[in-house]
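Text of the file work.cif, holding mmCIF, C-alpha atoms:
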```
data_start
loop_
_atom_site.label_atom_id
_atom_site.label_comp_id
_atom_site.auth_asym_id
_atom_site.auth_seq_id
_atom_site.Cartn_x
_atom_site.Cartn_y
_atom_site.Cartn_z
CA MET B 1 0.00 0.00 0.00
CA ALA B 2 2.53 2.58 1.13
CA ASP B 3 4.93 4.02 -1.40
CA PRO B 4 7.85 5.49 0.56
CA GLY B 5 8.11 8.27 -2.02
CA MET B 6 4.43 9.18 -1.99
CA SER B 7 3.42 12.52 -0.49
CA VAL B 8 0.23 11.24 1.16
CA THR B 9 -1.00 8.25 3.09
CA PRO B 10 -2.87 5.95 2.99
CA TYR B 11 -2.21 5.50 -0.71
CA TRP B 12 -3.03 2.55 -2.94
CA GLU B 13 -2.41 1.84 -6.62
CA LEU B 14 -4.75 -0.01 -8.97
CA THR B 15 -3.17 -1.37 -12.14
CA PHE B 16 -5.37 -2.21 -15.13
CA ASP B 17 -4.47 -3.87 -18.42
CA ALA B 18 -5.74 -2.70 -21.80
CA ASP B 19 -8.93 -4.78 -21.46
CA GLY B 20 -9.76 -3.32 -18.06
CA ASP B 21 -8.69 -6.30 -15.97
CA VAL B 22 -7.36 -5.13 -12.61
CA ASP B 23 -4.40 -6.53 -10.69
CA GLY B 24 -6.06 -8.86 -8.20
CA PRO B 25 -3.75 -8.43 -5.18
CA GLU B 26 -3.88 -4.63 -5.51
CA ARG B 27 -7.68 -4.68 -5.66
CA ASP B 28 -7.91 -7.01 -2.67
CA ARG B 29 -5.58 -4.81 -0.59
CA LEU B 30 -7.69 -1.74 -1.25
CA LEU B 31 -10.96 -3.51 -0.44
CA ALA B 32 -9.52 -4.96 2.76
CA GLN B 33 -7.64 -1.94 4.04
CA VAL B 34 -9.69 1.14 3.19
CA THR B 35 -12.03 0.66 6.15
CA GLU B 36 -9.19 -0.37 8.48
CA HIS B 37 -7.58 3.02 7.88
CA GLY B 38 -10.74 4.90 8.80
CA VAL B 39 -11.04 6.49 5.34
CA ARG B 40 -14.19 8.52 4.80
CA ASP B 41 -13.29 10.22 1.50
CA LEU B 42 -11.30 8.33 -1.14
CA ILE B 43 -9.82 10.34 -4.03
CA VAL B 44 -9.24 8.15 -7.10
CA PHE B 45 -7.03 9.80 -9.76
CA ALA B 46 -6.38 8.51 -13.30
CA HIS B 47 -3.45 9.82 -15.35
CA GLY B 48 -3.64 10.68 -19.03
CA TRP B 49 -0.94 10.00 -21.61
CA ASN B 50 2.04 8.68 -19.74
CA ASN B 51 4.82 6.16 -20.37
CA ASP B 52 5.45 4.30 -17.15
CA ARG B 53 4.44 3.74 -13.55
CA SER B 54 7.14 6.08 -12.21
CA GLY B 55 5.81 8.96 -14.30
CA ALA B 56 2.25 8.34 -13.14
CA THR B 57 3.35 8.06 -9.52
CA ALA B 58 5.30 11.32 -9.80
CA LEU B 59 2.15 13.04 -11.08
CA TYR B 60 0.10 11.71 -8.18
CA ARG B 61 2.78 12.66 -5.65
CA ARG B 62 2.82 16.25 -6.86
CA PHE B 63 -0.95 16.64 -7.29
CA PHE B 64 -1.89 15.08 -3.94
CA ALA B 65 0.83 16.90 -1.95
CA PRO B 66 -1.17 20.04 -0.95
CA ILE B 67 -4.39 18.20 -0.11
CA PRO B 68 -3.66 17.25 3.55
CA ARG B 69 -2.89 20.92 4.27
CA LEU B 70 -6.03 22.07 2.44
CA ALA B 71 -8.29 19.60 4.28
CA PRO B 72 -6.49 18.90 7.58
CA LYS B 73 -9.50 17.41 9.36
CA ALA B 74 -10.67 15.14 6.55
CA ARG B 75 -10.17 11.39 6.81
CA LEU B 76 -8.73 10.94 3.35
CA GLY B 77 -7.38 8.03 1.33
CA TYR B 78 -5.84 8.15 -2.12
CA VAL B 79 -5.77 5.83 -5.14
CA GLY B 80 -3.54 6.19 -8.18
CA VAL B 81 -4.88 4.39 -11.28
CA ILE B 82 -2.18 2.90 -13.51
CA TRP B 83 -3.29 1.97 -17.02
CA PRO B 84 -1.39 1.29 -20.29
CA SER B 85 -1.22 4.68 -21.94
CA MET B 86 1.70 6.44 -23.62
CA ARG B 87 2.99 9.84 -24.60
CA PHE B 88 5.62 11.03 -27.05
CA SER B 89 8.76 11.70 -25.04
CA ASP B 90 9.64 14.96 -26.79
CA GLU B 91 6.57 16.71 -25.32
CA PRO B 92 7.51 19.03 -22.45
CA ILE B 93 5.44 18.77 -19.26
CA PRO B 94 5.23 21.86 -17.04
CA ASP B 95 6.72 21.39 -13.55
CA PHE B 96 8.64 18.27 -14.61
CA PRO B 97 12.23 18.14 -15.89
CA LYS B 98 12.47 18.07 -19.66
CA SER B 99 13.23 14.68 -21.10
CA VAL B 100 16.43 14.19 -23.09
CA ALA B 101 14.24 13.83 -26.16
CA ALA B 102 12.54 17.19 -25.52
CA VAL B 103 15.89 18.94 -25.09
CA GLU B 104 17.21 17.37 -28.28
CA ALA B 105 14.05 18.34 -30.16
CA GLU B 106 14.56 21.98 -29.20
CA ALA B 107 18.25 21.94 -30.11
CA VAL B 108 17.93 20.12 -33.43
CA PRO B 109 14.26 20.00 -34.48
CA ARG B 110 13.45 16.91 -36.50
CA PRO B 111 10.47 14.58 -36.86
CA ALA B 112 12.35 11.30 -36.25
CA LEU B 113 11.22 9.12 -33.38
CA ASP B 114 13.54 9.28 -30.37
CA LYS B 115 14.48 6.05 -28.61
CA ASP B 116 12.21 6.69 -25.63
CA THR B 117 9.17 7.23 -27.85
CA ARG B 118 10.02 4.12 -29.87
CA ARG B 119 10.24 2.12 -26.66
CA ALA B 120 6.89 3.53 -25.52
CA LEU B 121 5.30 2.59 -28.85
CA LEU B 122 6.66 -0.95 -28.56
CA GLU B 123 5.16 -1.28 -25.08
CA ALA B 124 1.82 0.25 -26.09
CA PHE B 125 1.55 -1.83 -29.28
CA PRO B 126 3.24 -5.19 -28.58
CA GLY B 127 4.04 -7.25 -31.65
CA ARG B 128 4.28 -4.21 -33.92
CA ALA B 129 8.08 -3.74 -33.87
CA PRO B 130 8.54 -4.08 -37.69
CA VAL B 131 5.82 -1.47 -38.29
CA ILE B 132 7.34 0.94 -35.77
CA ASP B 133 10.82 0.50 -37.28
CA GLN B 134 9.49 1.25 -40.76
CA LEU B 135 7.61 4.32 -39.55
CA ALA B 136 10.79 5.63 -37.92
CA ARG B 137 12.78 5.07 -41.13
CA MET B 138 10.22 6.90 -43.22
CA LEU B 139 10.20 9.87 -40.84
CA ASP B 140 13.97 10.03 -41.21
CA GLU B 141 14.10 9.56 -44.99
CA ARG B 142 10.98 11.52 -46.04
CA PRO B 143 10.46 9.78 -49.38
CA THR B 144 9.26 12.11 -52.10
CA GLY B 145 5.88 11.90 -53.74
CA GLU B 146 2.42 11.17 -52.47
CA GLN B 147 3.06 7.43 -52.58
CA GLY B 148 5.39 7.71 -49.58
CA LEU B 149 2.75 9.48 -47.49
CA THR B 150 0.16 6.91 -48.56
CA GLU B 151 2.42 4.10 -47.37
CA PHE B 152 3.11 5.98 -44.13
CA GLY B 153 -0.64 6.29 -43.54
CA ARG B 154 -1.12 2.58 -44.19
CA LEU B 155 1.52 1.75 -41.59
CA VAL B 156 -0.07 4.13 -39.07
CA ARG B 157 -3.42 2.35 -39.52
CA LEU B 158 -1.69 -1.02 -39.23
CA LEU B 159 -0.10 0.05 -35.96
CA ALA B 160 -3.48 0.78 -34.37
CA ASP B 161 -5.17 -2.25 -35.94
CA GLY B 162 -6.26 -4.76 -33.32
CA GLU B 163 -6.93 -2.24 -30.58
CA ARG B 164 -10.22 -3.08 -28.89
CA PRO B 165 -12.75 -0.75 -30.57
CA GLY B 166 -14.52 0.41 -27.42
CA MET B 167 -17.31 2.99 -27.47
CA GLY B 168 -17.13 6.37 -29.13
CA ASP B 169 -18.02 9.56 -27.31
CA THR B 170 -21.11 10.34 -29.35
CA GLY B 171 -22.06 7.14 -31.16
CA GLU B 172 -21.49 8.69 -34.56
CA ASP B 173 -20.60 6.39 -37.42
CA GLY B 174 -17.11 6.26 -38.84
CA GLU B 175 -13.58 6.67 -37.59
CA PRO B 176 -11.45 9.82 -37.40
CA ALA B 177 -9.65 11.07 -40.47
CA VAL B 178 -6.35 9.98 -38.93
CA LEU B 179 -7.42 6.37 -39.51
CA THR B 180 -9.57 6.49 -42.63
CA GLY B 181 -8.83 9.68 -44.54
CA ASP B 182 -6.25 10.47 -47.19
CA PRO B 183 -2.86 10.42 -45.40
CA ALA B 184 -1.33 13.08 -47.64
CA ASN B 185 -4.20 15.47 -46.92
CA ALA B 186 -4.04 14.72 -43.19
CA CYS B 187 -0.27 15.34 -43.12
CA ASP B 188 -0.80 18.62 -44.99
CA GLU B 189 -3.31 19.82 -42.41
CA PHE B 190 -1.20 18.72 -39.46
CA ALA B 191 1.80 20.53 -40.94
CA GLU B 192 -0.27 23.70 -41.25
CA ALA B 193 -1.48 23.31 -37.67
CA LEU B 194 2.08 22.82 -36.37
CA ALA B 195 3.17 25.97 -38.16
CA ALA B 196 0.22 27.86 -36.66
CA VAL B 197 1.18 26.95 -33.07
CA GLY B 198 4.91 27.48 -33.66
CA SER B 199 5.92 23.89 -33.03
CA PRO B 200 9.64 22.99 -33.26
CA GLY B 201 10.41 21.62 -36.67
CA ALA B 202 7.63 23.54 -38.40
CA PRO B 203 8.65 26.05 -41.08
CA ALA B 204 8.87 29.69 -40.04
CA GLY B 205 7.50 32.66 -41.92
CA PHE B 206 5.33 32.25 -44.98
CA GLY B 207 6.88 29.08 -46.37
CA ILE B 208 4.56 26.29 -47.50
CA PRO B 209 4.69 23.50 -44.92
CA ASN B 210 6.09 20.18 -46.09
CA PRO B 211 3.51 17.43 -45.45
CA TRP B 212 6.26 15.37 -43.82
CA ASP B 213 6.34 18.07 -41.13
CA GLY B 214 2.89 16.79 -40.20
CA ALA B 215 3.62 13.06 -40.55
CA LYS B 216 4.86 12.64 -37.01
CA GLU B 217 1.73 14.44 -35.77
CA LEU B 218 -0.39 12.01 -37.80
CA LEU B 219 1.32 9.14 -35.97
CA ARG B 220 0.97 10.90 -32.62
CA GLN B 221 -2.75 11.53 -33.04
CA ALA B 222 -3.49 8.03 -34.33
CA THR B 223 -1.66 6.64 -31.31
CA TYR B 224 -3.56 8.91 -28.95
CA TYR B 225 -6.84 7.92 -30.57
CA ALA B 226 -6.07 4.30 -29.70
CA MET B 227 -5.23 5.37 -26.12
CA LYS B 228 -8.49 7.33 -25.94
CA ARG B 229 -10.51 4.24 -26.82
CA ARG B 230 -8.46 2.19 -24.36
CA ALA B 231 -9.23 4.68 -21.58
CA GLY B 232 -12.97 4.15 -22.12
CA THR B 233 -12.55 0.39 -22.00
CA VAL B 234 -10.56 0.53 -18.75
CA GLY B 235 -13.14 2.85 -17.19
CA GLU B 236 -16.25 0.95 -18.22
CA HIS B 237 -15.01 -2.61 -17.80
CA GLY B 238 -12.39 -2.07 -15.09
CA LEU B 239 -12.81 0.87 -12.74
CA GLY B 240 -16.61 1.03 -12.86
CA PRO B 241 -17.23 -2.57 -11.69
CA LEU B 242 -14.46 -2.23 -9.10
CA LEU B 243 -16.25 0.78 -7.59
CA GLY B 244 -19.27 -1.47 -7.16
CA GLN B 245 -17.12 -3.97 -5.26
CA LEU B 246 -15.74 -1.14 -3.14
CA ALA B 247 -19.28 0.02 -2.30
CA GLN B 248 -20.05 -3.46 -1.00
CA ALA B 249 -16.80 -3.82 0.96
CA ALA B 250 -16.82 -0.30 2.41
CA PRO B 251 -20.29 1.24 1.99
CA GLY B 252 -19.47 4.23 4.18
CA VAL B 253 -16.58 5.43 2.00
CA ARG B 254 -17.33 8.43 -0.22
CA VAL B 255 -15.52 8.16 -3.59
CA HIS B 256 -14.27 11.13 -5.59
CA LEU B 257 -13.07 10.45 -9.14
CA ALA B 258 -10.57 12.71 -10.88
CA GLY B 259 -8.83 12.27 -14.20
CA HIS B 260 -6.45 14.18 -16.43
CA SER B 261 -6.65 14.08 -20.23
CA PHE B 262 -7.62 10.52 -21.28
CA GLY B 263 -7.77 9.73 -17.57
CA GLY B 264 -10.78 12.06 -17.56
CA ARG B 265 -12.41 9.83 -20.16
CA LEU B 266 -11.49 6.80 -18.05
CA VAL B 267 -13.22 8.05 -14.90
CA ALA B 268 -16.20 9.37 -16.89
CA PHE B 269 -16.72 6.01 -18.60
CA ALA B 270 -16.47 4.31 -15.21
CA LEU B 271 -20.00 5.70 -14.74
CA LEU B 272 -21.13 3.34 -17.52
CA GLY B 273 -19.72 0.35 -15.66
CA LEU B 274 -20.96 1.40 -12.27
CA THR B 275 -23.24 -1.20 -10.66
CA ASP B 276 -26.91 -0.16 -10.57
CA GLY B 277 -27.85 1.38 -7.26
CA VAL B 278 -24.33 2.34 -6.23
CA ARG B 279 -24.39 5.91 -4.86
CA THR B 280 -20.94 6.13 -3.32
CA VAL B 281 -19.44 8.27 -6.12
CA LYS B 282 -19.84 11.78 -4.69
CA SER B 283 -17.97 13.82 -7.34
CA VAL B 284 -16.17 13.57 -10.65
CA THR B 285 -13.56 16.16 -11.65
CA LEU B 286 -12.22 16.26 -15.21
CA LEU B 287 -8.89 18.06 -15.69
CA GLN B 288 -8.32 18.92 -19.36
CA GLY B 289 -10.48 15.99 -20.41
CA ALA B 290 -9.45 14.66 -23.83
CA PHE B 291 -12.81 13.48 -25.14
CA SER B 292 -15.80 15.00 -26.88
CA HIS B 293 -17.53 17.88 -25.16
CA TYR B 294 -20.79 16.28 -26.35
CA ALA B 295 -20.22 13.01 -24.46
CA PHE B 296 -22.95 13.89 -21.90
CA ALA B 297 -25.24 15.62 -24.42
CA ASP B 298 -28.97 14.93 -24.46
CA ARG B 299 -28.94 15.49 -28.21
CA LEU B 300 -26.11 16.17 -30.63
CA PRO B 301 -26.50 19.59 -32.26
CA GLN B 302 -25.51 18.08 -35.62
CA ASP B 303 -27.93 15.12 -35.27
CA ALA B 304 -30.93 15.48 -32.95
CA HIS B 305 -31.59 11.72 -33.14
CA ARG B 306 -28.30 10.92 -31.41
CA ALA B 307 -27.06 11.57 -27.91
CA GLY B 308 -23.70 11.47 -26.19
CA ALA B 309 -22.42 8.08 -25.09
CA LEU B 310 -22.67 9.22 -21.45
CA LYS B 311 -26.10 10.84 -21.67
CA ASP B 312 -27.62 11.20 -18.18
CA ARG B 313 -24.70 9.34 -16.59
CA GLN B 314 -23.91 12.40 -14.52
CA GLY B 315 -27.04 11.34 -12.64
CA ARG B 316 -25.07 8.36 -11.30
CA ILE B 317 -22.98 10.82 -9.29
CA ASP B 318 -24.30 11.81 -5.88
CA GLY B 319 -22.77 15.23 -6.45
CA PRO B 320 -21.41 17.35 -9.31
CA LEU B 321 -19.53 16.55 -12.50
CA VAL B 322 -16.92 19.32 -12.68
CA CYS B 323 -15.11 19.94 -15.96
CA CYS B 324 -12.02 22.16 -15.79
CA HIS B 325 -11.03 23.61 -19.15
CA SER B 326 -8.57 26.11 -20.62
CA HIS B 327 -8.25 27.77 -24.01
CA PHE B 328 -4.46 27.61 -23.59
CA ASP B 329 -4.63 23.85 -24.18
CA SER B 330 -3.50 23.62 -27.80
CA ALA B 331 -3.47 19.80 -27.72
CA LEU B 332 -7.26 20.00 -27.36
CA GLY B 333 -7.91 23.32 -29.09
CA THR B 334 -5.83 22.56 -32.17
CA PHE B 335 -4.95 18.91 -32.68
CA TYR B 336 -7.84 17.11 -30.99
CA PRO B 337 -10.57 18.55 -33.25
CA LEU B 338 -8.42 18.03 -36.34
CA ALA B 339 -7.80 14.38 -35.47
CA SER B 340 -11.35 13.70 -34.24
CA ARG B 341 -13.08 14.91 -37.38
CA LEU B 342 -14.81 12.25 -39.44
CA ALA B 343 -13.27 11.49 -42.83
CA GLY B 344 -14.67 13.37 -45.79
CA ASP B 345 -14.34 16.95 -44.55
CA ASP B 346 -11.48 18.53 -46.46
CA ARG B 347 -11.69 22.09 -45.15
CA SER B 348 -8.34 23.72 -44.61
CA CYS B 349 -7.49 24.68 -41.05
CA ALA B 350 -4.65 27.12 -41.54
CA GLY B 351 -4.76 30.64 -40.25
CA GLY B 352 -6.42 30.26 -36.88
CA GLU B 353 -7.27 28.06 -33.94
CA ILE B 354 -8.49 24.75 -35.33
CA ALA B 355 -11.45 24.50 -32.95
CA ALA B 356 -12.70 27.87 -34.19
CA VAL B 357 -12.20 26.98 -37.85
CA LEU B 358 -13.80 23.55 -37.69
CA GLY B 359 -16.61 24.68 -35.41
CA PRO B 360 -17.88 23.12 -32.19
CA ARG B 361 -18.63 19.65 -33.56
CA TRP B 362 -15.11 18.40 -32.90
CA GLY B 363 -14.41 20.11 -29.59
CA ALA B 364 -12.99 18.54 -26.43
CA MET B 365 -14.05 18.79 -22.79
CA GLY B 366 -10.76 20.30 -21.69
CA HIS B 367 -10.92 23.10 -24.24
CA ASP B 368 -14.39 24.55 -23.67
CA GLY B 369 -16.21 22.33 -21.19
CA VAL B 370 -19.37 20.20 -21.25
CA GLN B 371 -21.70 21.17 -24.10
CA ALA B 372 -25.38 20.56 -24.97
CA VAL B 373 -26.38 19.55 -21.43
CA PRO B 374 -29.21 21.78 -20.14
CA ASP B 375 -28.58 23.76 -16.96
CA THR B 376 -24.83 23.28 -17.03
CA ALA B 377 -23.30 25.88 -14.71
CA ARG B 378 -20.37 27.98 -15.99
CA LEU B 379 -17.90 29.48 -13.54
CA ASP B 380 -14.43 30.88 -13.54
CA LEU B 381 -11.89 29.41 -11.14
CA ALA B 382 -12.24 32.17 -8.56
CA ALA B 383 -16.01 31.73 -8.37
CA ALA B 384 -15.73 27.96 -8.14
CA LEU B 385 -13.31 28.24 -5.23
CA GLY B 386 -15.30 31.03 -3.62
CA GLY B 387 -18.25 28.85 -2.73
CA ALA B 388 -20.34 29.02 -5.91
CA LEU B 389 -19.78 25.40 -6.98
CA PRO B 390 -23.18 23.69 -7.39
CA ALA B 391 -23.84 20.52 -5.42
CA SER B 392 -25.02 18.51 -8.44
CA GLY B 393 -25.24 18.52 -12.22
CA CYS B 394 -22.60 19.47 -14.78
CA VAL B 395 -20.33 22.38 -13.94
CA ASN B 396 -17.81 23.99 -16.30
CA VAL B 397 -14.90 25.71 -14.58
CA ASP B 398 -12.67 27.94 -16.71
CA ALA B 399 -9.23 27.15 -15.24
CA ALA B 400 -7.23 29.29 -17.68
CA ALA B 401 -6.09 31.49 -14.81
CA VAL B 402 -3.68 28.70 -13.82
CA VAL B 403 -3.74 26.21 -16.73
CA ARG B 404 -1.76 28.35 -19.17
CA ARG B 405 1.87 27.15 -19.43
CA GLY B 406 3.45 24.74 -21.90
CA GLY B 407 5.14 24.71 -25.27
CA PRO B 408 3.92 23.34 -28.58
CA PRO B 409 2.42 21.09 -29.68
CA ALA B 410 0.47 20.34 -26.48
CA GLY B 411 0.41 23.82 -24.97
CA ALA B 412 -1.00 23.90 -21.44
CA HIS B 413 -2.58 20.44 -21.67
CA SER B 414 -0.43 19.00 -18.87
CA ASP B 415 -0.25 22.15 -16.74
CA ILE B 416 -2.38 20.75 -13.91
CA LEU B 417 -0.06 20.76 -10.88
CA HIS B 418 -1.69 23.67 -9.09
CA PRO B 419 -3.12 23.73 -5.56
CA GLU B 420 -6.13 25.56 -6.99
CA LEU B 421 -7.05 22.44 -8.96
CA ALA B 422 -6.60 20.25 -5.90
CA ARG B 423 -8.99 22.66 -4.18
CA VAL B 424 -11.51 22.12 -7.00
CA VAL B 425 -11.44 18.37 -6.34
CA LEU B 426 -12.04 19.01 -2.63
CA ALA B 427 -14.81 21.53 -3.34
CA ALA B 428 -16.53 19.18 -5.80
CA GLY B 429 -16.59 16.44 -3.17
CA ARG B 430 -17.64 18.74 -0.31
CA ILE B 431 -14.53 17.58 1.53
CA ALA B 432 -14.04 19.86 4.50
#
```
Since I need it in another form, could you write the structure as structure tokens?
Amino acid sequence: MADPGMSVTPYWELTFDADGDVDGPERDRLLAQVTEHGVRDLIVFAHGWNNDRSGATALYRRFFAPIPRLAPKARLGYVGVIWPSMRFSDEPIPDFPKSVAAVEAEAVPRPALDKDTRRALLEAFPGRAPVIDQLARMLDERPTGEQGLTEFGRLVRLLADGERPGMGDTGEDGEPAVLTGDPANACDEFAEALAAVGSPGAPAGFGIPNPWDGAKELLRQATYYAMKRRAGTVGEHGLGPLLGQLAQAAPGVRVHLAGHSFGGRLVAFALLGLTDGVRTVKSVTLLQGAFSHYAFADRLPQDAHRAGALKDRQGRIDGPLVCCHSHFDSALGTFYPLASRLAGDDRSCAGGEIAAVLGPRWGAMGHDGVQAVPDTARLDLAAALGGALPASGCVNVDAAAVVRRGGPPAGAHSDILHPELARVVLAAGRIA
């Protein structure tokens, strides 16, 4: 249970595989010990894109650290969810040391896959080593002509092939353009987007972007799409049923779910797998959630006959669903909507924020909050922390006052290590 390097106690970890199966001994320890430790409020946090257990644990250590001081009289317990996600190692994360790959990318910008990212890809997609090697070679060599980009796109699709489909956010037909569209066109648009956000390796000035500048982003977004689907599977088939077991083993424990990025999708989809009648989940807090802002919608604005995959599931929470968002998150404001678009829309996205150009259909929770849910409250961070946070329903909290740092291409997406956000989790759960 106790990690000697963890900032809080009692602390447990729950490790899930890609199908949502939980590590049995870890589950049994939590179920047996949470009552023994006198825990009344249990904060369960799920990381987003991340490469290893040590990185996830470091995130939890830093995020949890101010909570005992903020709620000194609360009887708190903490759970860190570990699930098989990945990130590209050249992406800087605010408040963490830059990886070697990130430093090298700044010094000598190039699209080639660094060794840490290649290792992460091999772990995330076992059995795909030949495909990953060929993708790395093509990023280095940049073969001329559209045929090279077509082959690169085929390999990207092959890499993600075999991932458990899972459930989409809105139930719409089709797959994103990163998996079904014309690879050359997708690489063109990603190259334009990289130039718009000033990403390392993108051409400066008024030069025409080379589509190979966007090829690595095509790979990144296709990989993240697979991780997004995986997060839903782990939430629905793993964490959700486990929360039902926890309610039986420790019915007096109040559970508070929090998730960053795809971890936000994980904890949200846990509401789908939650056993009927379980009312122990007292709050859900999404930090820069990387899934559709229409996931909880009663009706989709573009199709009134469809609803979000999580329609009415906020009603399974005996408390509020709080969605923290920031317009400084370029991972969600620029690349998420471009990658999430269905194939067949060939509008150019140069010359402005992608979310604004494409319109709201492709937006993400962490960029502009929950959409198309009646009576959703909208607050800024100061108001949310000043006592205005509703006790139930969906609540959008504009966290741009603190979630604002980070370089391209992700922007402020990972800028979540702020005591103000820890206070939001406490306020959402009415934890004194």
Would you give me, as a Markdown table, each residue of segment 267-315 of chain B having an atom within 10 Å of an atom of segment 372-384 of chain B, along with its shortest atom pair and that distance in Å to one decimal, using all atoms listed in the file and sorting by chain and residue number?
```
| residue | atom | partner | partner_atom | distance |
| --- | --- | --- | --- | --- |
| B:His293 | CA | B:Ala372 | CA | 8.3 |
| B:Tyr294 | CA | B:Ala372 | CA | 6.4 |
| B:Ala295 | CA | B:Ala372 | CA | 9.2 |
| B:Phe296 | CA | B:Val373 | CA | 6.6 |
| B:Ala297 | CA | B:Ala372 | CA | 5.0 |
| B:Asp298 | CA | B:Val373 | CA | 6.1 |
| B:Arg299 | CA | B:Ala372 | CA | 7.0 |
| B:Leu300 | CA | B:Ala372 | CA | 7.2 |
| B:Pro301 | CA | B:Ala372 | CA | 7.4 |
| B:Ala307 | CA | B:Ala372 | CA | 9.6 |
| B:Gly308 | CA | B:Ala372 | CA | 9.3 |
| B:Lys311 | CA | B:Val373 | CA | 8.7 |
| B:Asp312 | CA | B:Val373 | CA | 9.0 |
```
**Message:** Taking the file as I've supplied it (selection: the PyMOL selection byres ((chain B and resi 423) around 10)), which residues are included? Please answer as a list of chain:residue names.
**Reply:**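 The output of the PyMOL selection byres ((chain B and resi 423) around 10) on this file is B:Pro66, B:Ile67, B:Leu70, B:Ala71, B:Ala384, B:Leu385, B:His418, B:Pro419, B:Glu420, B:Leu421, B:Ala422, B:Val424, B:Val425, B:Leu426, B:Ala427, B:Ala428, B:Gly429, B:Ile431.
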**Item:** Nearest candidate to Glu236 of chain B (options B:Thr275, B:Thr170, B:Thr144, B:Ser326; using only C-alpha atoms)
**Value:**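 With only C-alpha atoms as the atom set, the closest residue is B:Thr275.
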**Request:** Report the distance between atom CA of Val34 of chain B and atom CA of Thr280 of chain B in Å, rounded to one decimal place.
**Result:**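 Computing it gives 13.9 Å between the two atoms.
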**Prompt:** Which value, in Å to one decimal, gives the distance between atom CA of Leu31 of chain B and atom CA of Leu243 of chain B?
**Reply:** 9.9 Å
Please, could N, CA, C and O atoms be added to segment 236-247 of chain B and the result written as a PDB file, keeping the file's coordinate frame?
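Listed below is the output, out.pdb:
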```pdb
ATOM      1  N   GLU B 236     -14.967   1.660 -18.234  1.00  0.00           N
ATOM      2  CA  GLU B 236     -16.250   0.950 -18.220  1.00  0.00           C
ATOM      3  C   GLU B 236     -16.125  -0.472 -17.694  1.00  0.00           C
ATOM      4  O   GLU B 236     -16.962  -0.924 -16.911  1.00  0.00           O
ATOM      5  N   HIS B 237     -15.111  -1.190 -18.127  1.00  0.00           N
ATOM      6  CA  HIS B 237     -15.010  -2.610 -17.800  1.00  0.00           C
ATOM      7  C   HIS B 237     -14.078  -2.892 -16.619  1.00  0.00           C
ATOM      8  O   HIS B 237     -14.060  -4.014 -16.113  1.00  0.00           O
ATOM      9  N   GLY B 238     -13.318  -1.875 -16.187  1.00  0.00           N
ATOM     10  CA  GLY B 238     -12.390  -2.070 -15.090  1.00  0.00           C
ATOM     11  C   GLY B 238     -12.753  -1.284 -13.857  1.00  0.00           C
ATOM     12  O   GLY B 238     -13.184  -1.838 -12.835  1.00  0.00           O
ATOM     13  N   LEU B 239     -12.600   0.044 -13.920  1.00  0.00           N
ATOM     14  CA  LEU B 239     -12.810   0.870 -12.740  1.00  0.00           C
ATOM     15  C   LEU B 239     -14.266   0.879 -12.293  1.00  0.00           C
ATOM     16  O   LEU B 239     -14.559   0.801 -11.094  1.00  0.00           O
ATOM     17  N   GLY B 240     -15.202   0.974 -13.233  1.00  0.00           N
ATOM     18  CA  GLY B 240     -16.610   1.030 -12.860  1.00  0.00           C
ATOM     19  C   GLY B 240     -17.053  -0.165 -12.025  1.00  0.00           C
ATOM     20  O   GLY B 240     -17.592   0.001 -10.917  1.00  0.00           O
ATOM     21  N   PRO B 241     -16.855  -1.405 -12.506  1.00  0.00           N
ATOM     22  CA  PRO B 241     -17.230  -2.570 -11.690  1.00  0.00           C
ATOM     23  C   PRO B 241     -16.480  -2.628 -10.361  1.00  0.00           C
ATOM     24  O   PRO B 241     -17.042  -3.046  -9.348  1.00  0.00           O
ATOM     25  N   LEU B 242     -15.210  -2.202 -10.352  1.00  0.00           N
ATOM     26  CA  LEU B 242     -14.460  -2.230  -9.100  1.00  0.00           C
ATOM     27  C   LEU B 242     -15.082  -1.285  -8.066  1.00  0.00           C
ATOM     28  O   LEU B 242     -15.107  -1.596  -6.867  1.00  0.00           O
ATOM     29  N   LEU B 243     -15.595  -0.146  -8.518  1.00  0.00           N
ATOM     30  CA  LEU B 243     -16.250   0.780  -7.590  1.00  0.00           C
ATOM     31  C   LEU B 243     -17.483   0.134  -6.961  1.00  0.00           C
ATOM     32  O   LEU B 243     -17.824   0.415  -5.802  1.00  0.00           O
ATOM     33  N   GLY B 244     -18.153  -0.730  -7.729  1.00  0.00           N
ATOM     34  CA  GLY B 244     -19.270  -1.470  -7.160  1.00  0.00           C
ATOM     35  C   GLY B 244     -18.801  -2.417  -6.073  1.00  0.00           C
ATOM     36  O   GLY B 244     -19.459  -2.554  -5.022  1.00  0.00           O
ATOM     37  N   GLN B 245     -17.671  -3.085  -6.290  1.00  0.00           N
ATOM     38  CA  GLN B 245     -17.120  -3.970  -5.260  1.00  0.00           C
ATOM     39  C   GLN B 245     -16.712  -3.168  -4.025  1.00  0.00           C
ATOM     40  O   GLN B 245     -16.908  -3.613  -2.890  1.00  0.00           O
ATOM     41  N   LEU B 246     -16.149  -1.990  -4.256  1.00  0.00           N
ATOM     42  CA  LEU B 246     -15.740  -1.140  -3.140  1.00  0.00           C
ATOM     43  C   LEU B 246     -16.953  -0.703  -2.323  1.00  0.00           C
ATOM     44  O   LEU B 246     -16.905  -0.653  -1.083  1.00  0.00           O
ATOM     45  N   ALA B 247     -18.059  -0.397  -3.011  1.00  0.00           N
ATOM     46  CA  ALA B 247     -19.280   0.020  -2.300  1.00  0.00           C
ATOM     47  C   ALA B 247     -19.798  -1.097  -1.402  1.00  0.00           C
ATOM     48  O   ALA B 247     -20.353  -0.832  -0.328  1.00  0.00           O
TER      49      ALA B 247
END
```
